[in-house]
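What follows is input_36.txt (compact mmCIF, C-alpha atoms).
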# COMPACT_ATOMS: atom_id res chain seq x y z
CA MET P 503 -104.83 2.44 81.59
CA LYS P 504 -103.07 2.35 84.94
CA LYS P 505 -99.76 1.33 83.45
CA ALA P 506 -99.85 4.09 80.86
CA THR P 507 -99.75 6.81 83.45
CA ASN P 508 -96.15 7.84 83.58
CA THR P 509 -97.31 10.95 85.38
CA PRO P 510 -96.41 11.06 89.05
CA SER P 511 -99.14 9.76 91.33
CA LYS P 512 -99.36 13.05 93.18
CA SER P 513 -100.77 14.79 90.06
CA PRO P 514 -103.65 17.19 90.84
CA ALA P 515 -106.16 14.58 91.81
CA THR P 516 -109.45 16.36 92.19
CA VAL P 517 -113.05 15.39 92.63
CA LEU P 518 -112.83 12.67 90.01
CA GLY P 519 -109.70 10.98 91.29
CA SER P 520 -106.52 10.95 89.21
CA GLU P 521 -107.15 7.78 87.28
CA GLU P 522 -110.62 8.76 86.18
CA SER P 523 -109.59 12.27 85.17
CA PHE P 524 -106.68 10.89 83.19
CA ARG P 525 -108.93 8.48 81.36
CA LEU P 526 -111.30 11.28 80.44
CA LEU P 527 -108.41 13.44 79.32
CA VAL P 528 -107.05 10.80 76.94
CA GLU P 529 -110.43 9.78 75.64
CA GLY P 530 -111.43 13.38 74.97
CA ILE P 531 -108.39 14.33 72.89
CA LYS P 532 -109.51 14.68 69.28
CA ASP P 533 -106.37 15.78 67.47
CA TYR P 534 -104.22 12.84 68.49
CA ALA P 535 -104.95 9.17 68.25
CA ILE P 536 -103.78 7.79 71.58
CA ILE P 537 -104.10 4.06 71.78
CA MET P 538 -102.68 1.22 73.81
CA LEU P 539 -101.41 -2.01 72.32
CA ASP P 540 -100.83 -5.28 74.14
CA PRO P 541 -97.29 -6.75 73.95
CA THR P 542 -98.16 -8.61 70.71
CA GLY P 543 -99.38 -5.46 68.98
CA HIS P 544 -103.15 -5.86 69.31
CA VAL P 545 -105.26 -2.80 70.07
CA ALA P 546 -106.22 -2.61 73.74
CA SER P 547 -107.69 0.88 74.04
CA TRP P 548 -109.01 3.54 71.67
CA ASN P 549 -109.76 7.25 72.00
CA ALA P 550 -111.85 9.90 70.23
CA GLY P 551 -108.92 11.15 68.17
CA ALA P 552 -108.21 7.65 66.90
CA ALA P 553 -111.88 7.16 66.04
CA ARG P 554 -111.93 10.52 64.27
CA PHE P 555 -109.08 10.07 61.86
CA LYS P 556 -108.69 6.34 61.56
CA GLY P 557 -112.41 5.85 61.09
CA TYR P 558 -112.85 2.77 63.32
CA ARG P 559 -115.16 2.75 66.33
CA ALA P 560 -113.66 1.38 69.53
CA GLU P 561 -115.73 -1.81 69.47
CA GLU P 562 -114.67 -2.66 65.89
CA ILE P 563 -110.97 -2.28 66.43
CA ILE P 564 -110.14 -3.44 69.93
CA GLY P 565 -108.39 -6.77 69.68
CA LYS P 566 -107.25 -6.25 66.06
CA HIS P 567 -103.58 -6.20 65.17
CA LEU P 568 -102.00 -2.82 64.47
CA SER P 569 -100.98 -3.87 60.96
CA CYS P 570 -104.48 -2.94 59.77
CA PHE P 571 -103.38 0.73 60.00
CA TYR P 572 -100.55 0.24 57.53
CA PRO P 573 -100.55 0.17 53.73
CA THR P 574 -100.20 -3.36 52.30
CA GLU P 575 -96.65 -2.86 51.08
CA ALA P 576 -95.52 -1.74 54.55
CA VAL P 577 -97.14 -4.82 56.08
CA GLN P 578 -95.37 -7.02 53.53
CA GLN P 579 -92.06 -5.47 54.52
CA GLY P 580 -92.88 -6.31 58.14
CA LEU P 581 -92.85 -2.66 59.19
CA PRO P 582 -95.42 -2.92 62.04
CA GLU P 583 -93.50 -5.72 63.77
CA GLN P 584 -90.22 -3.94 63.19
CA GLU P 585 -91.50 -0.77 64.81
CA LEU P 586 -92.74 -2.67 67.85
CA LYS P 587 -89.44 -4.52 68.10
CA THR P 588 -87.50 -1.26 68.02
CA ALA P 589 -89.81 0.29 70.58
CA ALA P 590 -89.41 -2.72 72.87
CA LYS P 591 -85.64 -2.70 72.51
CA GLU P 592 -84.99 1.02 72.75
CA GLY P 593 -87.95 2.08 74.84
CA GLY P 594 -89.51 4.19 72.10
CA PHE P 595 -89.85 4.69 68.38
CA GLU P 596 -90.86 7.65 66.26
CA ASN P 597 -91.32 8.04 62.54
CA GLU P 598 -93.44 9.55 59.82
CA GLY P 599 -95.11 7.65 57.06
CA TRP P 600 -98.27 6.74 55.22
CA ARG P 601 -101.03 5.03 57.19
CA VAL P 602 -104.43 3.82 56.08
CA ARG P 603 -107.90 4.77 57.31
CA LYS P 604 -110.77 2.38 57.57
CA ASP P 605 -112.13 3.61 54.22
CA GLY P 606 -108.77 2.85 52.55
CA LYS P 607 -107.66 6.46 52.20
CA ARG P 608 -104.07 7.20 53.09
CA PHE P 609 -102.90 9.88 55.46
CA TRP P 610 -99.41 11.06 56.42
CA ALA P 611 -98.88 10.28 60.07
CA ASN P 612 -96.38 11.07 62.74
CA VAL P 613 -96.25 8.04 65.03
CA ILE P 614 -94.65 7.68 68.44
CA ILE P 615 -94.62 4.22 69.98
CA SER P 616 -93.39 3.81 73.55
CA ALA P 617 -92.86 0.54 75.36
CA LEU P 618 -94.71 0.29 78.66
CA ARG P 619 -92.93 -1.71 81.32
CA ASP P 620 -93.88 -2.43 84.90
CA LYS P 621 -91.61 -2.10 87.92
CA ASP P 622 -89.92 -5.44 87.23
CA GLY P 623 -89.15 -4.34 83.70
CA SER P 624 -91.38 -6.84 81.94
CA LEU P 625 -93.16 -5.58 78.81
CA ARG P 626 -96.85 -4.82 79.44
CA GLY P 627 -97.67 -3.29 76.09
CA PHE P 628 -97.16 -0.16 74.04
CA SER P 629 -98.63 3.29 73.86
CA LYS P 630 -99.07 4.65 70.37
CA VAL P 631 -99.64 8.34 69.69
CA THR P 632 -100.49 9.26 66.11
CA ARG P 633 -100.95 12.67 64.54
CA ASP P 634 -102.43 13.38 61.12
CA LEU P 635 -99.88 15.54 59.31
CA THR P 636 -101.32 15.17 55.80
CA GLU P 637 -101.91 18.91 55.44
CA ARG P 638 -98.40 19.76 56.58
CA LYS P 639 -96.98 17.14 54.24
CA GLN P 640 -98.91 18.55 51.30
CA ALA P 641 -97.82 22.08 52.18
CA GLU P 642 -94.19 20.94 52.34
CA GLU P 643 -94.46 19.21 48.99
CA GLN P 644 -96.00 22.30 47.47
CA ILE P 645 -93.23 24.51 48.81
CA GLN P 646 -90.60 22.13 47.47
CA GLN P 647 -92.27 22.09 44.08
CA GLN P 648 -92.49 25.87 44.01
CA SER P 649 -88.90 26.45 45.05
CA LYS P 650 -87.83 24.04 42.33
CA GLU P 651 -89.81 26.00 39.78
CA ILE P 652 -88.42 29.30 41.01
CA MET P 653 -84.92 27.92 40.80
CA GLU P 654 -85.39 26.83 37.22
CA LEU P 655 -86.86 30.17 36.24
CA SER P 656 -84.35 32.37 37.91
CA THR P 657 -81.02 31.57 36.33
CA PRO P 658 -81.06 32.54 32.67
CA VAL P 659 -77.78 32.76 30.79
CA MET P 660 -77.90 34.85 27.61
CA GLN P 661 -75.47 35.49 24.85
CA VAL P 662 -75.25 39.26 24.28
CA TRP P 663 -72.35 39.35 21.88
CA GLN P 664 -70.30 36.88 19.92
CA GLY P 665 -68.18 35.47 22.72
CA VAL P 666 -69.93 37.14 25.65
CA VAL P 667 -72.62 35.61 27.86
CA VAL P 668 -74.53 37.41 30.60
CA ALA P 669 -75.95 35.72 33.67
CA PRO P 670 -78.07 38.02 35.82
CA LEU P 671 -78.45 36.64 39.33
CA ILE P 672 -81.65 37.51 41.13
CA GLY P 673 -82.33 36.55 44.72
CA SER P 674 -80.06 34.91 47.21
CA LEU P 675 -77.60 32.16 46.34
CA ASP P 676 -77.72 28.98 48.38
CA SER P 677 -75.55 26.00 47.65
CA GLN P 678 -78.21 24.11 45.71
CA ARG P 679 -78.89 27.09 43.52
CA THR P 680 -75.20 27.76 43.01
CA GLN P 681 -74.80 24.24 41.74
CA GLN P 682 -77.56 24.71 39.20
CA PHE P 683 -76.37 28.17 38.23
CA MET P 684 -72.82 26.92 37.80
CA GLU P 685 -73.88 24.03 35.58
CA ARG P 686 -76.04 26.24 33.41
CA LEU P 687 -73.42 28.95 33.07
CA LEU P 688 -70.64 26.48 32.23
CA ASN P 689 -72.77 24.66 29.69
CA ARG P 690 -73.72 27.91 27.97
CA ILE P 691 -70.08 29.04 27.88
CA VAL P 692 -69.11 25.79 26.17
CA GLU P 693 -72.12 25.85 23.82
CA THR P 694 -71.54 29.42 22.70
CA ASN P 695 -67.73 29.13 22.86
CA SER P 696 -67.62 32.37 24.85
CA PRO P 697 -64.37 33.43 26.48
CA VAL P 698 -66.11 36.01 28.69
CA ALA P 699 -69.03 35.63 31.09
CA LEU P 700 -70.61 38.60 32.84
CA VAL P 701 -72.18 37.60 36.14
CA ASP P 702 -74.48 40.40 37.28
CA ILE P 703 -75.20 40.52 41.00
CA MET P 704 -77.33 43.68 40.94
CA GLY P 705 -80.37 41.61 41.89
CA VAL P 706 -78.75 39.83 44.81
CA PRO P 707 -80.19 41.45 47.95
CA THR P 708 -77.28 40.78 50.28
CA VAL P 709 -73.91 39.18 49.85
CA ASP P 710 -72.70 37.25 52.87
CA THR P 711 -69.59 35.15 53.26
CA GLN P 712 -71.35 32.08 51.97
CA THR P 713 -72.74 33.78 48.87
CA ALA P 714 -69.31 35.20 48.13
CA GLN P 715 -67.82 31.74 48.53
CA HIS P 716 -70.36 30.35 46.08
CA LEU P 717 -69.51 33.11 43.60
CA ILE P 718 -65.80 32.44 43.93
CA GLU P 719 -66.45 28.74 43.36
CA THR P 720 -68.39 29.49 40.19
CA ILE P 721 -65.66 31.80 38.97
CA SER P 722 -62.93 29.21 39.47
CA ALA P 723 -64.99 26.60 37.62
CA VAL P 724 -65.38 29.01 34.70
CA ARG P 725 -61.63 29.58 34.71
CA LEU P 726 -61.02 25.85 34.49
CA LEU P 727 -62.96 25.92 31.24
CA GLY P 728 -60.72 28.63 29.90
CA ALA P 729 -63.11 31.54 30.12
CA GLN P 730 -63.14 34.55 32.44
CA VAL P 731 -65.81 36.05 34.63
CA VAL P 732 -66.45 39.73 35.08
CA LEU P 733 -68.57 40.38 38.16
CA THR P 734 -70.90 43.25 37.42
CA GLY P 735 -73.59 45.13 39.29
CA VAL P 736 -71.47 45.60 42.40
CA ARG P 737 -73.69 48.13 44.17
CA PRO P 738 -72.21 50.45 46.83
CA ALA P 739 -73.89 48.38 49.56
CA ILE P 740 -72.41 45.16 48.18
CA ALA P 741 -68.96 46.75 47.86
CA GLN P 742 -69.16 47.88 51.49
CA THR P 743 -70.26 44.46 52.70
CA LEU P 744 -67.53 42.67 50.75
CA VAL P 745 -64.82 44.88 52.25
CA HIS P 746 -66.24 44.71 55.77
CA LEU P 747 -66.47 40.93 55.61
CA GLY P 748 -62.89 40.83 54.41
CA ILE P 749 -63.76 38.81 51.32
CA ASP P 750 -60.82 38.67 48.97
CA LEU P 751 -61.83 39.12 45.36
CA THR P 752 -58.39 40.01 44.04
CA GLY P 753 -57.84 38.54 40.63
CA ILE P 754 -61.53 38.79 39.86
CA MET P 755 -62.61 41.60 37.58
CA THR P 756 -65.50 43.59 38.99
CA ARG P 757 -67.50 46.52 37.70
CA SER P 758 -70.38 48.49 39.15
CA SER P 759 -72.57 48.29 36.07
CA LEU P 760 -73.35 45.76 33.38
CA SER P 761 -72.32 48.23 30.69
CA GLY P 762 -68.94 48.64 32.37
CA GLY P 763 -68.63 44.87 32.35
CA LEU P 764 -69.50 44.70 28.66
CA GLN P 765 -66.75 47.24 27.98
CA VAL P 766 -64.26 44.99 29.80
CA ALA P 767 -65.51 42.01 27.81
CA LEU P 768 -64.99 43.85 24.52
CA ASP P 769 -61.48 44.83 25.65
CA ILE P 770 -60.68 41.21 26.40
CA LEU P 771 -61.95 40.20 22.97
CA ASN P 772 -59.97 43.03 21.35
CA LEU P 773 -63.12 44.60 19.99
CA LYS P 774 -64.12 48.24 19.76
CA VAL P 775 -67.51 49.82 19.28
CA VAL P 776 -67.28 52.86 16.99
CA ARG P 777 -69.80 55.44 15.86
CA LYS P 778 -70.91 54.89 12.29
CA ASP P 779 -69.99 58.38 11.10
CA ASP P 780 -66.49 58.10 12.60
CA SER P 781 -65.69 55.14 10.43
CA ARG P 782 -65.73 57.18 7.22
CA MET F 142 -52.29 0.64 25.99
CA ALA F 143 -50.83 3.33 28.17
CA LEU F 144 -47.87 4.47 26.18
CA GLU F 145 -49.01 3.81 22.61
CA SER F 146 -52.19 5.85 22.87
CA ILE F 147 -50.50 9.11 23.76
CA SER F 148 -49.43 11.33 20.93
CA VAL F 149 -47.23 14.34 21.51
CA ILE F 150 -47.36 16.50 18.40
CA LYS F 151 -44.83 19.21 17.70
CA LEU F 152 -46.45 22.29 16.16
CA ARG F 153 -43.71 24.77 15.22
CA ASP F 154 -42.33 25.75 18.63
CA LEU F 155 -45.24 24.33 20.61
CA LEU F 156 -46.33 20.88 21.76
CA LEU F 157 -49.87 19.58 21.40
CA VAL F 158 -50.95 16.65 23.53
CA THR F 159 -54.40 15.08 23.43
CA VAL F 160 -55.23 13.35 26.69
CA PRO F 161 -57.15 10.07 26.12
CA PRO F 162 -60.81 10.01 27.28
CA ASP F 163 -60.50 7.92 30.42
CA PRO F 164 -56.86 7.95 31.47
CA ASP F 165 -55.72 5.66 34.29
CA ASP F 166 -52.92 6.59 36.67
CA GLU F 167 -50.33 4.75 34.60
CA THR F 168 -51.32 6.60 31.42
CA ILE F 169 -51.17 9.93 33.24
CA SER F 170 -47.68 9.24 34.56
CA ALA F 171 -46.55 8.08 31.13
CA LEU F 172 -47.99 11.23 29.64
CA GLN F 173 -45.96 13.42 31.97
CA GLU F 174 -42.83 11.49 31.05
CA ARG F 175 -43.48 11.85 27.30
CA VAL F 176 -44.24 15.55 27.58
CA LEU F 177 -41.05 16.32 29.48
CA GLN F 178 -38.93 14.32 27.04
CA ALA F 179 -40.49 16.16 24.11
CA MET F 180 -39.92 19.50 25.85
CA ALA F 181 -36.24 18.67 26.14
CA LEU F 182 -36.01 17.33 22.60
CA TYR F 183 -37.72 20.22 20.77
CA GLU F 184 -37.00 23.03 23.22
CA ALA F 185 -40.65 23.97 22.93
CA ARG F 186 -41.82 27.22 24.49
CA GLY F 187 -45.34 26.10 25.14
CA LEU F 188 -47.58 23.08 25.74
CA VAL F 189 -51.25 22.66 24.94
CA LEU F 190 -52.99 19.87 26.84
CA ASP F 191 -56.22 19.10 25.03
CA ILE F 192 -58.54 17.55 27.64
CA SER F 193 -61.78 17.98 25.73
CA THR F 194 -62.51 14.25 25.69
CA VAL F 195 -61.76 13.70 29.37
CA GLN F 196 -64.93 12.94 31.30
CA THR F 197 -63.52 12.35 34.77
CA LEU F 198 -60.91 14.31 36.64
CA ASP F 199 -59.57 12.69 39.79
CA SER F 200 -57.14 14.06 42.35
CA PHE F 201 -54.20 12.15 40.89
CA PHE F 202 -54.84 13.57 37.45
CA ALA F 203 -55.25 17.09 38.83
CA ARG F 204 -52.06 16.82 40.87
CA THR F 205 -50.06 15.40 37.97
CA VAL F 206 -51.28 18.18 35.70
CA ALA F 207 -50.32 20.81 38.30
CA GLU F 208 -46.88 19.20 38.66
CA THR F 209 -46.39 18.95 34.91
CA VAL F 210 -47.24 22.63 34.56
CA GLN F 211 -44.54 23.42 37.12
CA MET F 212 -41.99 21.12 35.48
CA VAL F 213 -42.69 22.50 32.02
CA GLY F 214 -42.35 25.97 33.55
CA LEU F 215 -38.92 25.06 34.92
CA MET F 216 -37.94 23.95 31.42
CA GLY F 217 -39.01 27.31 30.06
CA GLY F 218 -42.46 26.53 28.68
CA ARG F 219 -45.98 27.67 29.41
CA THR F 220 -48.90 25.24 29.64
CA VAL F 221 -52.48 25.77 28.54
CA LEU F 222 -55.27 23.36 29.47
CA ALA F 223 -57.74 23.43 26.62
CA GLY F 224 -61.37 22.40 26.32
CA MET F 225 -62.33 21.14 29.75
CA CYS F 226 -65.95 19.90 29.81
CA ALA F 227 -68.47 21.87 31.86
CA SER F 228 -69.34 18.85 33.98
CA VAL F 229 -65.69 18.14 34.72
CA ALA F 230 -65.15 21.76 35.76
CA VAL F 231 -68.14 21.63 38.11
CA THR F 232 -66.94 18.43 39.77
CA ALA F 233 -63.37 19.63 40.00
CA THR F 234 -64.45 22.83 41.71
CA GLN F 235 -66.68 20.99 44.14
CA LEU F 236 -63.91 18.59 45.03
CA GLY F 237 -61.56 21.53 45.47
CA LEU F 238 -59.20 20.25 42.77
CA THR F 239 -56.97 22.86 41.21
CA VAL F 240 -54.56 22.58 38.35
CA GLY F 241 -51.85 24.81 39.76
CA ASN F 242 -50.61 27.59 37.51
CA ALA F 243 -51.97 26.18 34.27
CA LEU F 244 -53.50 28.65 31.86
CA THR F 245 -56.86 27.61 30.49
CA ALA F 246 -58.62 28.07 27.17
CA LEU F 247 -61.98 27.07 25.72
CA ASP F 248 -60.43 25.14 22.85
CA VAL F 249 -57.13 24.41 21.13
CA ASP F 250 -57.47 27.41 18.78
CA ARG F 251 -57.74 29.79 21.67
CA ALA F 252 -54.96 28.01 23.50
CA LEU F 253 -52.62 28.59 20.54
CA ASP F 254 -53.71 32.26 20.41
CA LEU F 255 -52.97 32.55 24.11
CA LEU F 256 -49.49 31.08 23.78
CA ASN F 257 -48.70 33.19 20.72
CA ALA F 258 -49.85 36.39 22.42
CA ALA F 259 -47.55 38.38 24.69
CA PRO F 260 -46.77 36.63 27.98
CA SER F 261 -48.49 39.41 29.93
CA GLY F 262 -52.23 39.20 30.36
CA ALA F 263 -51.95 35.52 31.05
CA ARG F 264 -54.54 34.29 33.43
CA CYS F 265 -53.97 31.73 36.07
CA VAL F 266 -56.19 29.35 37.98
Could the structure of this file be written out as structure tokens, please?
Amino acid sequence: MKKATNTPSKSPATVLGSEESFRLLVEGIKDYAIIMLDPTGHVASWNAGAARFKGYRAEEIIGKHLSCFYPTEAVQQGLPEQELKTAAKEGGFENEGWRVRKDGKRFWANVIISALRDKDGSLRGFSKVTRDLTERKQAEEQIQQQSKEIMELSTPVMQVWQGVVVAPLIGSLDSQRTQQFMERLLNRIVETNSPVALVDIMGVPTVDTQTAQHLIETISAVRLLGAQVVLTGVRPAIAQTLVHLGIDLTGIMTRSSLSGGLQVALDILNLKVVRKDDSR
Amino acid sequence: MALESISVIKLRDLLLVTVPPDPDDETISALQERVLQAMALYEARGLVLDISTVQTLDSFFARTVAETVQMVGLMGGRTVLAGMCASVAVTATQLGLTVGNALTALDVDRALDLLNAAPSGARCV
């Protein structure tokens, strides 16, 4: 353990003496597996954290090669040796990946391997600190899944008139969502052969420079198709922000309400809505 | 194949050109040449470039189209790009490709309407 102590020797040595207290500290940690490997990658020391989430007791594992913590396919790819090689060459190595418990179950681990060298610079072994991040990994995956679902739900494009489609935007526009929105809008315009698209931004909470840029991008793509966009639902707050940010929307038709936008669309299509009794 | 596969059709006082699906640089240059010759020959007042079959738009194509629009303009004609695919439009926008002052239309019908309508109200990209 002596060589693992990178801490300065004048650390608060108390009744126990610094080496003893350090050993107890490492052995007592339960949330991290802190182990030492010899230069060839065999386990040299084991702590409570390692025992807790890898499942091996110290006496079973000491002397075994570290590849028993890796899934078979990783071992076949030579990952354990590669990681040690990198750590030896660059002094340290960190990554995240699947590891295997004694019972065969997998867990998502964050692993930091550091090379331990003595004063002369010769390799004495490695320290390996492992954290179990399975819960975080699952939470991340769930969030990704949910945001994907939300994204798919939230960009409907509807045909409201022969030649007019409406796309109400709800929520903020990031670049990934813009991409999806753009594709959907363009495809619908082509499918329905609509020369006018109303993009309603009433449901967009705030418009910043980036959102405006994304909108402008969408609008120029629609123009390439040969259709036009009327931006509707420009609330007072959005109008103020757009002017204050100095965003230039000249050449883009905008209206404050969707009905105003529909009126513009009908004008473009040379259509007029008349009362039934007027037509007599 | 470059030159043979391009057809420039005269429709009354307009020209209709269908761009082949996957044009290489040579074809695109040849196309510009053909279009300008036809403009001079027929004194056409408009050009419809039907690009509905084109699946990829690269920077050379975009630049040549923008140039052609300008050249046709100098010869007194207006150009309408008709029928660009949604996927092509998305890519073009992301790559920042523009087609200069070309007018655009959803299909050839609408392009003809646009050219036959009054010059005002024209929309530009």
What are the closest atom pairs, with distances in Å to one decimal, for all residues of chain P lying within 12 Å of chain F? Consider only C-alpha atoms, order rows by chain and residue number, and present the result as a tab-separated table.
residue	atom	partner	partner_atom	distance
P:Gly665	CA	F:Leu247	CA	10.9
P:Ser677	CA	F:Gln235	CA	10.8
P:Thr680	CA	F:Val231	CA	10.6
P:Gln681	CA	F:Val231	CA	8.0
P:Gln682	CA	F:Val231	CA	10.0
P:Phe683	CA	F:Val231	CA	10.5
P:Met684	CA	F:Val231	CA	7.1
P:Glu685	CA	F:Val231	CA	6.7
P:Arg686	CA	F:Ala227	CA	8.9
P:Leu687	CA	F:Ala227	CA	8.7
P:Leu688	CA	F:Ala227	CA	5.1
P:Asn689	CA	F:Ala227	CA	5.6
P:Arg690	CA	F:Ala227	CA	8.9
P:Ile691	CA	F:Ala227	CA	8.4
P:Val692	CA	F:Ala227	CA	6.9
P:Glu693	CA	F:Ala227	CA	9.7
P:Thr694	CA	F:Leu247	CA	10.3
P:Asn695	CA	F:Leu247	CA	6.7
P:Ser696	CA	F:Leu247	CA	7.8
P:Pro697	CA	F:Leu247	CA	6.8
P:Val698	CA	F:Leu247	CA	10.3
P:Gln715	CA	F:Gln235	CA	11.7
P:His716	CA	F:Gln235	CA	10.2
P:Leu717	CA	F:Thr234	CA	11.6
P:Ile718	CA	F:Thr234	CA	10.0
P:Glu719	CA	F:Thr234	CA	6.5
P:Thr720	CA	F:Thr234	CA	7.9
P:Ile721	CA	F:Thr234	CA	9.5
P:Ser722	CA	F:Val266	CA	6.9
P:Ala723	CA	F:Ala230	CA	5.2
P:Val724	CA	F:Ala230	CA	7.3
P:Arg725	CA	F:Val266	CA	6.4
P:Leu726	CA	F:Ala230	CA	5.9
P:Leu727	CA	F:Met225	CA	5.0
P:Gly728	CA	F:Ala246	CA	3.5
P:Ala729	CA	F:Leu247	CA	6.4
P:Gln730	CA	F:Arg264	CA	8.7
P:Val731	CA	F:Arg264	CA	11.5
P:Gly753	CA	F:Arg264	CA	9.0
P:Ile754	CA	F:Arg264	CA	10.5
P:Met755	CA	F:Arg264	CA	11.7
P:Asp769	CA	F:Gly262	CA	11.8
P:Ile770	CA	F:Gly262	CA	9.5
P:Leu771	CA	F:Arg251	CA	11.3
Could you give me the centre and size, in Å to one decimal, of an axis-aligned box around all listed atoms of range 669-683 of chain P with 4 Å added on every side, as lines of an AutoDock Vina configuration file?
center_x = -78.6
center_y = 31.1
center_z = 41.0
size_x = 15.5
size_y = 21.9
size_z = 22.7
I'd like to know which of F:Thr220, F:Lys151, F:Ser200, F:Ala258 is closest to Tyr183 in chain F, using only C-alpha atoms.
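Going through F:Thr220, F:Lys151, F:Ser200, F:Ala258 one by one, the smallest distance to Tyr183 in chain F is for F:Lys151.
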For Pro738 in chain P, work out the shell of residues within 12 Å, counting only C-alpha atoms and skipping chain neighbours fewer than 3 positions away, then give it as a VMD selection string.
chain P and resid 703 to 704 708 to 709 734 to 735 741 to 745 757 to 759
Name the residues in contact with Asp163 in chain F at a cut-off of 8 Å, using all atoms listed in the file, excluding same-chain residues fewer than 3 positions from it; report them as a CSV table (one decimal) with C-alpha atoms, in the frame of the given file.
chain,number,residue,atom,x,y,z
F,195,VAL,CA,-61.8,13.7,29.4
F,196,GLN,CA,-64.9,12.9,31.3
F,197,THR,CA,-63.5,12.4,34.8
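At a cut-off of 12 Å from (-49.0, 10.5, 18.0), the residue set is Leu144, Glu145, Ser146, Ile147, Ser148, Val149, Ile150, Lys151, Leu156, Leu157, Val158, Thr159, Val160, Pro161, Leu172, Arg175, Val176 and Ala179 of chain F (counting only C-alpha atoms).
Here CA of Val189 in chain F and CA of Asn772 in chain P stand 22.4 Å from one another.
With all atoms listed in the file as the atoms that count, the residue of F:Leu155, F:Ala185, F:Val249, F:Leu177 with the shortest distance to Val210 in chain F is F:Leu177.
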